[in-house]
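Enquirer: Sharing a structure here in structure tokens format.
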Amino acid sequence: MHNKTITELAKGLRAKEYSSVELTQAYLDRIKKYQDLNCYITVAEENALEQAKLADSQLASADSALLTGIPIAQKDIFCTQGIKTSCGSKMLDNFIAPYNATVIEKFNADNAVMLGKLNMDEFAMGSSNETSFYGAVQNPWDTDTVPGGSSGGSASAIAARLTVAATGTDTGGSIRQPASLCGITGLKPTYGRVSRFGMIAFASSLDQGGPMARSAEDAAILMQTMAGFDTKDSTSVDRAVPDYSAGLNNSLEGLKIGLPKEFFSQDLNNDIASAIESAINEYKKLGAEVKEVSLPNMKLAIPAYYVIASAECSANLSRYDGVRFGHRCHSPADLNDLYTRSRGEAFGAEVKRRILMGTYALSAGYYDAYYIKAQKVRCLISEDFSRALSEVDVLMGPVSPSTAFDIGEKTDDPIEMYLADIYTIAINLAGLPAMSLPSGFADSKPVGLQVIGNYFSEDRLLNIAHQYQQVTDWHQQTPKGFE
Amino acid sequence: MSLTADEVKKIAHLARLGIDETDIDAYASDLSNMLDLMTQMGETNTDEIQPMAHPMDQMQRLRPDVVTEKNQREHFQSIAPQTEAGLYLVPKVLD
Amino acid sequence: MEWETVIGLEIHAQMATKTKIFSAASTAYGAEPNTQACAVDLGLPGVLPVLNQEAVRMAVKFGMAIEAEVADYSVFARKNYFYPDLPKGYQISQMELPIVGIGHLDIEIDGETKRIGVTRAHLEEDAGKSLHEDFHGLTGIDLNRAGTPLLEIVSEPDMRSAKEAVAYMRKIHELVRYLEICDGNMQEGSFRCDANVSVRPKGQQEYGTRAELKNINSFKFVEKAINIEVERQIDLIESGGTVVQETRLYDADNNETRSMRSKEEANDYRYFPDPDLLPVEITDQLRAQVKADLPELPSVKKQRFMEQYGQDKETAATLTSSRQLADFYETVAKESGCTAKLCSNWVSVNFLGALNKANLEIAETPVNAERLAGLLKRIADNTISGKTAKQVFDSLWESDLTADEIIEQQGLKQITDSGAIEAIIDKIIADNPAQVKQYLSGKDKVFGFFVGQVMKASQGKANPAEVNKMLKDKLK
């Protein structure tokens, strides 16, 4: 059962080959069996079986949603009423949200089953899942290596078949990079396409939730549920949601692919470069035309991103003060002690670094040099993409300059970790949609191909990904020991 | 660009972040490296460029002035560290 | 040395919306603690702000009323600081691009008109309240007020005395109530004021160092606080000291200002545009709507009252001091059809006096304009005397009856029949020959005795003018 796609599982449920309760139990058993991967922060066993039971009673109904009774899992950044939402932090280790995120509400409305809450970097700050208060997550392709981050639990769980699909969030690559490192399919939607209400904020102008699955076909199904306007999110876009599955089989004949030359510099590992090259060749065979384009300001994306993301997070994380919820230090001497000790005890080193960085960048005398400058650079980068995407339909390149690295290998050098975000963060600055597709292996570790589209072109991206997955089987590979 | 330990302490205080004395130097060095990375932006001329705060060129939507929220105090305070008589309690605030 | 005082005011007016500026929780005053603080007001993880259209409309209305530039685009920013009554650790306010730009307001001071500049007015969210009653040495936090929309109205440093500052503050107070964008209730904190105060040697161009006096919540205290602060600064400078820029609190009990160092230390607010909110567009449609909605402004109304009703400046100012009172007056005038003088007198003296005595707002008046008009009609047509009218007014205040019903029930109708008055006069003259003699021998004072006796005999119902006239004839 655990190797089936969502569409196959939905058929099986309706054909009564198995009930949702049985399916859910099978996944719960696998989660327990492979708990050393540390994918889940919370396994919502009781709740999941209850939801499954309800779903079983709904399945007979003609208008039941495709996701009815399908067990999926949620990144622990989405607030779930009654079930702990930790955001990977000690700060929220005791936090039971009094409401559901809009995304969770939408899955509930479809009667999907939630297996549990997935591990992640603390407050989504990290590219390796190592900053989680709940410990590192293992990559099933090589359990000594990281799954990427921040949606590392999501990617690892999908690759290890501990859920058929999951949600992720992407602020600077947090869906695409772990998808790439774990050999699964991830979609970071256009900013504003998926509601951010109840999704704990890291950097508000960059954060975007999206689906992670084994295939584009499954990702399209999740995306259908997640996308849509929400009056509770001022940055949500009021625009009709297309049928993401309808165009999956459209031909790619005449598709214009741009290869940004900045994505293919000498820094790129040779094995990765050749995997990307083969993928591009597949697209040529499918009728695509390829040309080189340029994103001249790409190199400035990292500094601009780290200023903007840090500045926004420094304010977003001020609400964690030990007064209304979350961690509170033991017997504070005074107000200042309450704040500094509660925050000092409960935030990890990476979160502290970013808060300090953001506080500095916004402070008197530095605001123009850092924050305003970064916003101007953001504008330049966005213009680069507009220019490139006026020449071609999509851009393609690698997701990450390296494959999965060893747990602990980069933890001492935060800057090196930041530099590895080079291919993903510019997309968040511009607010564009992008996908990561499994496209081969380098040194027996998965490599991801990144496909970047214009605003609100998720349907086209899914079509482009699906067509590739019709002629390749990288997305169907299973890590050894998890078959 | 390098930050001194004192500057780190000052920022940490602005952010009300407790940092162990022994970690200050490490933070100072990490932050200095981050700042070096950021000063790269200075090489590009952006005089004519408008700062971009948001990816979408969109205007704020306005909400009708209608009360829809109900009292959920018990629910909200069930997750609070310390409350009494419906109030959140904190160490004495001195004006 | 002669000193000049320089004052600028920052007024915080709570907008009279039903819901918070960024959430759909109620803004009603006086609820049980934290029962009107929703997830957004509490700053729980993952929640997001959505702007209240009514708050924007009200701010635009204010901008138009002070003839200010209303921005095409306005931006909300985060003002970062930690305080327990500020749940998110930042206040959503405005820094660059406030909704209302430069405008002005005229005040009257010693009969002269003076123009005070308004630098800007911006929207922001109010904070909660700290309650310092003893909770085992802890402070209690009530976040019901958190998120209530405030319009912060910042003046130019154009005022030169505490008196001017109070006049300006009253003028803004009158205006926001006229516009129905703020209830103006100072006890409940709906209208609050910070004053920036400095002194400089008369004739000097540059400003002295200013102190900011925080949260002064009555007109009386504003005047006192400024005066005492000016005195402090002058004493300080004259004794060789220097004024430091700081926040000071006015202590009404001891009539002194004292430094609030606790608020001083972290003054780096790190403003930046709030990424959860998009720029607000003030559309032409909204402007047109607000403009059509704009009431007659107090200064215009006052001028009109002087011209249309022939009122003196003072009476016109009193009667236009609130929109409800002006409307009340105009209803009385229209319904009664009486002279402007009679109406002005009754509304500004008797009616207002009774309201003040009972400590009531005009909205709570037991005597509406129609019933008062009914009374004035009976004065005008001589059914009752002015003195009896006061008695009828008291009864109007206490009951739901009309003036006519009261006059009828209590038999207060004035005797205007000259035959009946003549009969009474004849009897009084006949009964008091000694007094008649005195009067005829030139003691004019005795005339009053006769009037009194006639009025007494008629139980106050004889028309006094008629009595006077007839007595004079009879006693010749």
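Following the order of the structure tokens, first chain is A, next is B, and so on, with residues numbered from 1 inside each chain and ligands from 1 in the order they appear.
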Determine, for each residue of chain C having at least one atom at most 9 Å from an atom of chain A, the closest pair of atoms and their separation in Å to one decimal, counting only C-alpha atoms; order by chain and ascending number, as JSON lines.
Expert:
```
{"residue": "C:Ala39", "atom": "CA", "partner": "A:Pro98", "partner_atom": "CA", "distance": 8.4}
{"residue": "C:Leu42", "atom": "CA", "partner": "A:Arg324", "partner_atom": "CA", "distance": 7.5}
{"residue": "C:Gly43", "atom": "CA", "partner": "A:Arg319", "partner_atom": "CA", "distance": 6.4}
{"residue": "C:Leu44", "atom": "CA", "partner": "A:Arg319", "partner_atom": "CA", "distance": 7.5}
{"residue": "C:Pro45", "atom": "CA", "partner": "A:Ile200", "partner_atom": "CA", "distance": 5.5}
{"residue": "C:Gly46", "atom": "CA", "partner": "A:Gly198", "partner_atom": "CA", "distance": 4.0}
{"residue": "C:Val47", "atom": "CA", "partner": "A:Gly198", "partner_atom": "CA", "distance": 5.5}
{"residue": "C:Leu48", "atom": "CA", "partner": "A:Asp233", "partner_atom": "CA", "distance": 6.0}
{"residue": "C:Pro49", "atom": "CA", "partner": "A:Ser234", "partner_atom": "CA", "distance": 7.0}
{"residue": "C:Val50", "atom": "CA", "partner": "A:Ser234", "partner_atom": "CA", "distance": 5.6}
{"residue": "C:Leu51", "atom": "CA", "partner": "A:Ser234", "partner_atom": "CA", "distance": 8.1}
{"residue": "C:Arg78", "atom": "CA", "partner": "A:Ala315", "partner_atom": "CA", "distance": 7.9}
{"residue": "C:Asn80", "atom": "CA", "partner": "A:Ala315", "partner_atom": "CA", "distance": 6.9}
{"residue": "C:Tyr81", "atom": "CA", "partner": "A:Ser318", "partner_atom": "CA", "distance": 8.5}
{"residue": "C:Phe82", "atom": "CA", "partner": "A:Ser318", "partner_atom": "CA", "distance": 7.7}
{"residue": "C:Tyr83", "atom": "CA", "partner": "A:Leu335", "partner_atom": "CA", "distance": 8.6}
{"residue": "C:Pro84", "atom": "CA", "partner": "A:Val323", "partner_atom": "CA", "distance": 7.4}
{"residue": "C:Leu86", "atom": "CA", "partner": "A:Arg319", "partner_atom": "CA", "distance": 8.8}
{"residue": "C:Pro87", "atom": "CA", "partner": "A:Arg319", "partner_atom": "CA", "distance": 6.1}
{"residue": "C:Lys88", "atom": "CA", "partner": "A:Arg319", "partner_atom": "CA", "distance": 4.2}
{"residue": "C:Gly89", "atom": "CA", "partner": "A:Ser318", "partner_atom": "CA", "distance": 4.8}
{"residue": "C:Tyr90", "atom": "CA", "partner": "A:Ala315", "partner_atom": "CA", "distance": 6.9}
{"residue": "C:Asp268", "atom": "CA", "partner": "A:Ala364", "partner_atom": "CA", "distance": 6.3}
{"residue": "C:Tyr269", "atom": "CA", "partner": "A:Ser363", "partner_atom": "CA", "distance": 7.5}
{"residue": "C:Arg270", "atom": "CA", "partner": "A:Leu362", "partner_atom": "CA", "distance": 5.1}
{"residue": "C:Tyr271", "atom": "CA", "partner": "A:Leu362", "partner_atom": "CA", "distance": 7.3}
{"residue": "C:Phe272", "atom": "CA", "partner": "A:Leu362", "partner_atom": "CA", "distance": 7.4}
{"residue": "C:Asp274", "atom": "CA", "partner": "A:Glu312", "partner_atom": "CA", "distance": 8.4}
{"residue": "C:Pro275", "atom": "CA", "partner": "A:Ser205", "partner_atom": "CA", "distance": 5.3}
{"residue": "C:Asp276", "atom": "CA", "partner": "A:Ser204", "partner_atom": "CA", "distance": 6.0}
{"residue": "C:Leu277", "atom": "CA", "partner": "A:Ser234", "partner_atom": "CA", "distance": 6.0}
{"residue": "C:Leu278", "atom": "CA", "partner": "A:Thr235", "partner_atom": "CA", "distance": 6.9}
```
Enquirer: Neighbouring residues of C:Ala333 were defined as those with any atom within 7 Å, considering only C-alpha atoms; residues of the same chain fewer than 5 positions away were excluded. Please report them as a PyMOL selection string.
Expert: chain C and resi 338+340+343
Enquirer: Which residues of chain C are close to chain B, meaning at most 8 Å apart when you count only C-alpha atoms, and how do they look as a PyMOL selection string?
Expert: chain C and resi 17-19+24-26+32-39+50-54+81-82+84+130+132+135+137-142+260+262-263+266+268+273+275+277-281
Enquirer: Per residue of chain B within 6 Å of chain A, note the shortest atom pair and the distance in Å to one decimal, counting only C-alpha atoms, and order the rows by chain and increasing residue number, as a Markdown table.
Expert:
```
| residue | atom | partner | partner_atom | distance |
| --- | --- | --- | --- | --- |
| B:Arg16 | CA | A:Thr340 | CA | 4.6 |
| B:Leu17 | CA | A:Thr340 | CA | 4.6 |
| B:Gly18 | CA | A:Gly344 | CA | 3.9 |
| B:Ile19 | CA | A:Gly344 | CA | 5.9 |
| B:Leu37 | CA | A:Pro303 | CA | 5.8 |
| B:Met38 | CA | A:Pro303 | CA | 4.5 |
| B:Ile49 | CA | A:Lys376 | CA | 5.7 |
| B:Gln50 | CA | A:Lys376 | CA | 5.8 |
| B:Pro51 | CA | A:Lys376 | CA | 4.2 |
| B:Met52 | CA | A:Gln375 | CA | 4.9 |
| B:His54 | CA | A:Ser205 | CA | 5.9 |
| B:Pro55 | CA | A:Gly431 | CA | 5.0 |
| B:Ile79 | CA | A:Phe325 | CA | 5.5 |
| B:Ala80 | CA | A:Phe325 | CA | 4.5 |
| B:Pro91 | CA | A:Asp334 | CA | 5.1 |
```
Enquirer: Which residues come within 10 Å of C:Leu355, counting only C-alpha atoms, excluding same-chain residues fewer than 2 positions away, as a list of chain:residue names?
Expert: C:Asn350, C:Phe351, C:Leu352, C:Gly353, C:Lys357, C:Ala358, C:Asn359, C:Leu360, C:Glu361, C:Ile362, C:Glu364, C:Thr365, C:Pro366, C:Val367, C:Trp397
Enquirer: Find the spatial neighbours of C:Met58, counting only C-alpha atoms, within a cut-off of 10 Å - ignore same-chain residues fewer than 5 positions away - and output them as a list in words.
Expert: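 Here the qualifying residues turn out to be Met15, Ala16, Thr17, Gln53, Gly63, Met64, Leu123, Leu151, Val176, Leu179, Glu180, Ile181, Cys182 and Val290 of chain C.
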Enquirer: Those same residues - N, CA, C and O atoms - I'd like them written as an mmCIF file, in the first residue's frame.
Expert:
```cif
data_model
loop_
_atom_site.group_PDB
_atom_site.id
_atom_site.type_symbol
_atom_site.label_atom_id
_atom_site.label_comp_id
_atom_site.auth_asym_id
_atom_site.auth_seq_id
_atom_site.Cartn_x
_atom_site.Cartn_y
_atom_site.Cartn_z
ATOM 1 N N MET C 15 -10.558 55.578 17.443
ATOM 2 C CA MET C 15 -11.578 55.652 16.423
ATOM 3 C C MET C 15 -12.803 54.852 16.884
ATOM 4 O O MET C 15 -12.679 53.765 17.439
ATOM 5 N N ALA C 16 -13.982 55.422 16.604
ATOM 6 C CA ALA C 16 -15.222 54.829 17.118
ATOM 7 C C ALA C 16 -15.717 53.688 16.229
ATOM 8 O O ALA C 16 -16.879 53.645 15.829
ATOM 9 N N THR C 17 -14.836 52.756 15.921
ATOM 10 C CA THR C 17 -15.239 51.595 15.120
ATOM 11 C C THR C 17 -15.842 50.538 16.037
ATOM 12 O O THR C 17 -15.634 50.571 17.242
ATOM 13 N N GLN C 53 -11.889 48.632 7.330
ATOM 14 C CA GLN C 53 -12.131 49.720 6.364
ATOM 15 C C GLN C 53 -12.678 50.981 7.033
ATOM 16 O O GLN C 53 -12.433 52.096 6.587
ATOM 17 N N GLY C 63 -8.715 63.846 7.956
ATOM 18 C CA GLY C 63 -7.798 64.537 7.050
ATOM 19 C C GLY C 63 -8.519 65.615 6.242
ATOM 20 O O GLY C 63 -8.042 66.739 6.102
ATOM 21 N N MET C 64 -9.675 65.266 5.741
ATOM 22 C CA MET C 64 -10.426 66.228 4.932
ATOM 23 C C MET C 64 -10.909 67.399 5.788
ATOM 24 O O MET C 64 -10.947 68.537 5.329
ATOM 25 N N LEU C 123 -2.712 56.152 11.515
ATOM 26 C CA LEU C 123 -3.442 55.097 12.224
ATOM 27 C C LEU C 123 -2.468 54.157 12.908
ATOM 28 O O LEU C 123 -1.386 53.883 12.385
ATOM 29 N N LEU C 151 -6.047 57.167 16.119
ATOM 30 C CA LEU C 151 -5.515 58.131 15.166
ATOM 31 C C LEU C 151 -4.573 59.008 15.973
ATOM 32 O O LEU C 151 -4.996 59.646 16.934
ATOM 33 N N VAL C 176 -13.270 65.843 16.393
ATOM 34 C CA VAL C 176 -13.413 64.393 16.220
ATOM 35 C C VAL C 176 -14.808 63.923 16.639
ATOM 36 O O VAL C 176 -15.334 62.958 16.081
ATOM 37 N N LEU C 179 -17.175 64.868 13.804
ATOM 38 C CA LEU C 179 -17.033 63.950 12.676
ATOM 39 C C LEU C 179 -17.540 62.551 13.022
ATOM 40 O O LEU C 179 -17.607 61.681 12.169
ATOM 41 N N GLU C 180 -17.867 62.375 14.314
ATOM 42 C CA GLU C 180 -18.327 61.072 14.808
ATOM 43 C C GLU C 180 -17.318 59.971 14.539
ATOM 44 O O GLU C 180 -17.663 58.854 14.167
ATOM 45 N N ILE C 181 -16.029 60.315 14.721
ATOM 46 C CA ILE C 181 -14.986 59.306 14.544
ATOM 47 C C ILE C 181 -14.370 58.922 15.890
ATOM 48 O O ILE C 181 -13.560 58.018 15.968
ATOM 49 N N CYS C 182 -14.740 59.631 16.961
ATOM 50 C CA CYS C 182 -14.201 59.339 18.285
ATOM 51 C C CYS C 182 -15.223 59.811 19.304
ATOM 52 O O CYS C 182 -15.823 60.872 19.117
ATOM 53 N N VAL C 290 -16.433 59.939 1.396
ATOM 54 C CA VAL C 290 -16.179 60.607 2.666
ATOM 55 C C VAL C 290 -16.574 62.075 2.571
ATOM 56 O O VAL C 290 -17.183 62.642 3.469
#
```
Enquirer: Using only C-alpha atoms, which protein or nucleic acid residues come within 12 Å of stretch 470-482 of chain A? Drop anything in the same chain fewer than 6 positions from it, and give the result as number ranges by chain.
Expert: A: 2-5, 30-31, 33-34, 37, 139-143, 156-162, 179-180, 182-186, 213-218, 248-251, 275, 278-279, 281-283, 285-286, 436-441, 444-449, 463-464
Enquirer: Got a sec to tell me which of stretch 272-434 of chain A DSSP assigns to strand (DSSP E), as a list in words?
Expert: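 In stretch 272-434 of chain A, DSSP puts these residues in strand (DSSP E): Glu289, Val290, Lys291, Glu292, Val293, Val394, Leu395, Met396, Gly397, Pro398 and Ala434 of chain A.
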Enquirer: Pull all heavy atoms from the residues just selected and write them as a short mmCIF file (atom, residue, chain, number, x, y, z; two decimals), in the first residue's frame.
Expert:
```cif
data_model
loop_
_atom_site.label_atom_id
_atom_site.label_comp_id
_atom_site.auth_asym_id
_atom_site.auth_seq_id
_atom_site.Cartn_x
_atom_site.Cartn_y
_atom_site.Cartn_z
N GLU A 289 12.36 23.74 -26.50
CA GLU A 289 13.51 24.48 -27.03
C GLU A 289 14.26 25.07 -25.85
O GLU A 289 13.64 25.50 -24.88
CB GLU A 289 13.06 25.63 -27.93
CG GLU A 289 12.26 25.21 -29.14
CD GLU A 289 11.41 26.37 -29.69
OE1 GLU A 289 11.73 27.54 -29.38
OE2 GLU A 289 10.45 26.06 -30.40
N VAL A 290 15.57 25.10 -25.99
CA VAL A 290 16.37 25.56 -24.86
C VAL A 290 17.24 26.75 -25.26
O VAL A 290 17.79 26.77 -26.35
CB VAL A 290 17.27 24.41 -24.35
CG1 VAL A 290 18.21 24.91 -23.26
CG2 VAL A 290 16.43 23.26 -23.84
N LYS A 291 17.30 27.75 -24.42
CA LYS A 291 18.23 28.85 -24.68
C LYS A 291 18.81 29.38 -23.38
O LYS A 291 18.21 29.23 -22.31
CB LYS A 291 17.55 29.97 -25.48
CG LYS A 291 16.57 30.82 -24.69
CD LYS A 291 15.95 31.89 -25.58
CE LYS A 291 16.71 33.22 -25.44
NZ LYS A 291 15.99 34.33 -26.05
N GLU A 292 19.97 29.98 -23.51
CA GLU A 292 20.60 30.53 -22.31
C GLU A 292 20.00 31.90 -22.00
O GLU A 292 19.72 32.69 -22.89
CB GLU A 292 22.11 30.67 -22.53
CG GLU A 292 22.84 31.04 -21.25
CD GLU A 292 24.33 31.32 -21.49
OE1 GLU A 292 24.67 32.47 -21.79
OE2 GLU A 292 25.11 30.36 -21.37
N VAL A 293 19.78 32.15 -20.72
CA VAL A 293 19.33 33.48 -20.29
C VAL A 293 20.24 33.91 -19.15
O VAL A 293 21.10 33.15 -18.70
CB VAL A 293 17.86 33.47 -19.81
CG1 VAL A 293 16.91 33.17 -20.94
CG2 VAL A 293 17.67 32.49 -18.65
N VAL A 394 9.76 28.90 -19.00
CA VAL A 394 10.23 28.50 -17.67
C VAL A 394 11.76 28.56 -17.63
O VAL A 394 12.41 28.57 -18.69
CB VAL A 394 9.81 27.05 -17.28
CG1 VAL A 394 8.33 26.97 -17.01
CG2 VAL A 394 10.24 26.05 -18.35
N LEU A 395 12.27 28.59 -16.43
CA LEU A 395 13.72 28.51 -16.24
C LEU A 395 14.03 27.17 -15.59
O LEU A 395 13.23 26.67 -14.80
CB LEU A 395 14.20 29.64 -15.32
CG LEU A 395 13.82 31.06 -15.72
CD1 LEU A 395 14.24 32.04 -14.62
CD2 LEU A 395 14.48 31.44 -17.04
N MET A 396 15.17 26.60 -15.95
CA MET A 396 15.56 25.34 -15.31
C MET A 396 17.00 25.41 -14.84
O MET A 396 17.83 26.10 -15.43
CB MET A 396 15.39 24.17 -16.27
CG MET A 396 13.94 23.80 -16.51
SD MET A 396 13.78 22.23 -17.39
CE MET A 396 12.02 22.22 -17.71
N GLY A 397 17.25 24.67 -13.78
CA GLY A 397 18.61 24.61 -13.23
C GLY A 397 18.61 23.68 -12.04
O GLY A 397 17.61 23.03 -11.74
N PRO A 398 19.72 23.61 -11.34
CA PRO A 398 19.78 22.77 -10.15
C PRO A 398 19.00 23.42 -9.00
O PRO A 398 18.69 24.60 -9.05
CB PRO A 398 21.27 22.71 -9.83
CG PRO A 398 21.83 23.96 -10.41
CD PRO A 398 21.00 24.29 -11.62
N ALA A 434 8.01 27.63 -8.10
CA ALA A 434 9.09 26.77 -8.59
C ALA A 434 8.93 25.37 -8.04
O ALA A 434 8.33 25.17 -6.99
CB ALA A 434 10.45 27.34 -8.19
#
```
Enquirer: Within stretch 307-482 of chain A, find each residue whose DSSP state, derived from the backbone, is alpha helix (DSSP H), and express the selection as a compact mmCIF listing (two decimals) with C-alpha atoms, in the first residue's frame.
Expert:
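Listed below is the output, states_27.txt:
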```txt
# COMPACT_ATOMS: atom_id res chain seq x y z
CA VAL A 307 18.88 40.82 5.51
CA ILE A 308 15.17 40.73 4.67
CA ALA A 309 14.43 37.32 6.17
CA SER A 310 16.37 38.15 9.35
CA ALA A 311 14.74 41.56 9.72
CA GLU A 312 11.24 40.14 9.33
CA CYS A 313 11.95 37.21 11.64
CA SER A 314 13.41 39.44 14.33
CA ALA A 315 10.00 41.14 14.64
CA ASN A 316 7.91 38.02 13.95
CA LEU A 335 10.27 41.77 33.47
CA ASN A 336 13.60 41.94 31.69
CA ASP A 337 14.61 38.62 33.21
CA LEU A 338 11.32 37.08 32.06
CA TYR A 339 11.99 38.15 28.48
CA THR A 340 15.68 37.50 28.15
CA ARG A 341 15.73 34.20 29.99
CA SER A 342 12.53 32.77 28.44
CA ARG A 343 13.79 33.65 24.97
CA GLY A 344 17.39 32.80 25.74
CA GLU A 345 16.49 29.34 27.07
CA ALA A 346 14.00 28.39 24.38
CA ALA A 349 21.59 29.16 18.20
CA GLU A 350 20.50 29.59 14.57
CA VAL A 351 17.28 31.37 15.54
CA LYS A 352 19.26 33.63 17.85
CA ARG A 353 21.76 34.44 15.11
CA ARG A 354 18.98 35.48 12.77
CA ILE A 355 17.15 37.53 15.39
CA LEU A 356 20.41 39.33 16.24
CA MET A 357 21.20 39.88 12.57
CA GLY A 358 17.72 41.23 11.86
CA THR A 359 17.71 43.44 14.93
CA TYR A 360 21.04 44.88 13.87
CA ALA A 361 19.96 45.44 10.26
CA LEU A 362 16.90 47.39 11.39
CA TYR A 367 18.44 50.60 8.30
CA LYS A 373 19.47 48.33 0.24
CA ALA A 374 18.27 44.73 0.40
CA GLN A 375 14.79 45.76 -0.73
CA LYS A 376 16.27 47.60 -3.68
CA VAL A 377 18.34 44.56 -4.59
CA ARG A 378 15.16 42.53 -4.26
CA CYS A 379 13.62 44.77 -6.87
CA LEU A 380 16.60 44.25 -9.21
CA ILE A 381 16.39 40.48 -8.81
CA SER A 382 12.66 40.51 -9.46
CA GLU A 383 13.27 42.52 -12.63
CA ASP A 384 15.90 40.01 -13.74
CA PHE A 385 13.30 37.25 -13.54
CA SER A 386 10.67 39.31 -15.37
CA ARG A 387 13.12 39.93 -18.17
CA ALA A 388 14.16 36.28 -18.41
CA LEU A 389 10.59 35.01 -18.23
CA SER A 390 9.53 37.35 -21.02
CA GLU A 391 11.92 35.46 -23.29
CA PRO A 414 26.49 28.94 9.24
CA ILE A 415 27.75 31.00 6.32
CA GLU A 416 28.62 27.92 4.29
CA MET A 417 25.09 26.67 4.94
CA TYR A 418 23.63 29.99 3.75
CA LEU A 419 25.69 29.94 0.55
CA ILE A 425 16.32 32.02 -2.49
CA ALA A 426 16.14 34.43 -5.44
CA ILE A 427 12.83 32.80 -6.38
CA ASN A 428 11.36 33.68 -2.97
CA LEU A 429 12.55 37.26 -3.26
CA ALA A 430 10.65 37.52 -6.55
CA GLU A 458 1.61 26.27 -11.01
CA ASP A 459 -0.61 24.34 -13.40
CA ARG A 460 1.99 24.67 -16.16
CA LEU A 461 4.84 23.70 -13.82
CA LEU A 462 2.95 20.59 -12.72
CA ASN A 463 2.31 19.71 -16.35
CA ILE A 464 6.01 20.12 -17.19
CA ALA A 465 7.00 18.00 -14.19
CA HIS A 466 4.42 15.32 -14.91
CA GLN A 467 5.53 14.95 -18.53
CA TYR A 468 9.10 14.40 -17.40
CA GLN A 469 7.89 11.84 -14.86
CA GLN A 470 6.12 9.98 -17.68
CA VAL A 471 9.44 9.37 -19.42
```
Enquirer: Atom CA of A:Ser195 and atom CA of A:Leu222, how far apart in Å?
Expert: 13.8 Å
Enquirer: So that I can check the surroundings of stretch 440-457 of chain C, please list as a ChimeraX atom specification every protein, DNA and RNA residue that reaches within 9 Å of it, counting only C-alpha atoms and ignoring chain neighbours fewer than 3 positions away.
Expert: /C:421,424-425,428-429,435-437,460-464,467-468,471-472,475-476
Enquirer: Quick one: distance from atom CA of C:Ile66 to atom CA of C:Gly103 in Å, one decimal?
Expert: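 That distance, rounded to one decimal, is 5.5 Å.
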Enquirer: With only C-alpha atoms as the atoms that count, which of C:Asp284, C:Ala162, C:Asn217, C:Asn144 lies nearest to C:Asn185?
Expert: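 Of C:Asp284, C:Ala162, C:Asn217, C:Asn144, the one nearest C:Asn185 is C:Asn217, counting only C-alpha atoms.
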Enquirer: For C:Lys202, find every residue with an atom within 12 Å (counting only C-alpha atoms), except residues of its own chain fewer than 6 positions away, and show them as a ChimeraX atom specification.
Expert: /C:1-6,160,208
Enquirer: Out of C:Met169, C:Val243, C:Ile228, C:Met159, which residue has the shortest atom-to-atom distance to C:Ala211 when counting only C-alpha atoms?
Expert: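 Distance minimum relative to C:Ala211 lands on C:Val243.
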Enquirer: Please, what distance in Å, to one decimal, runs between atom CA of C:Ile379 and atom CA of C:Lys474?
Expert: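 Going from atom CA of C:Ile379 over to atom CA of C:Lys474 covers 27.0 Å.
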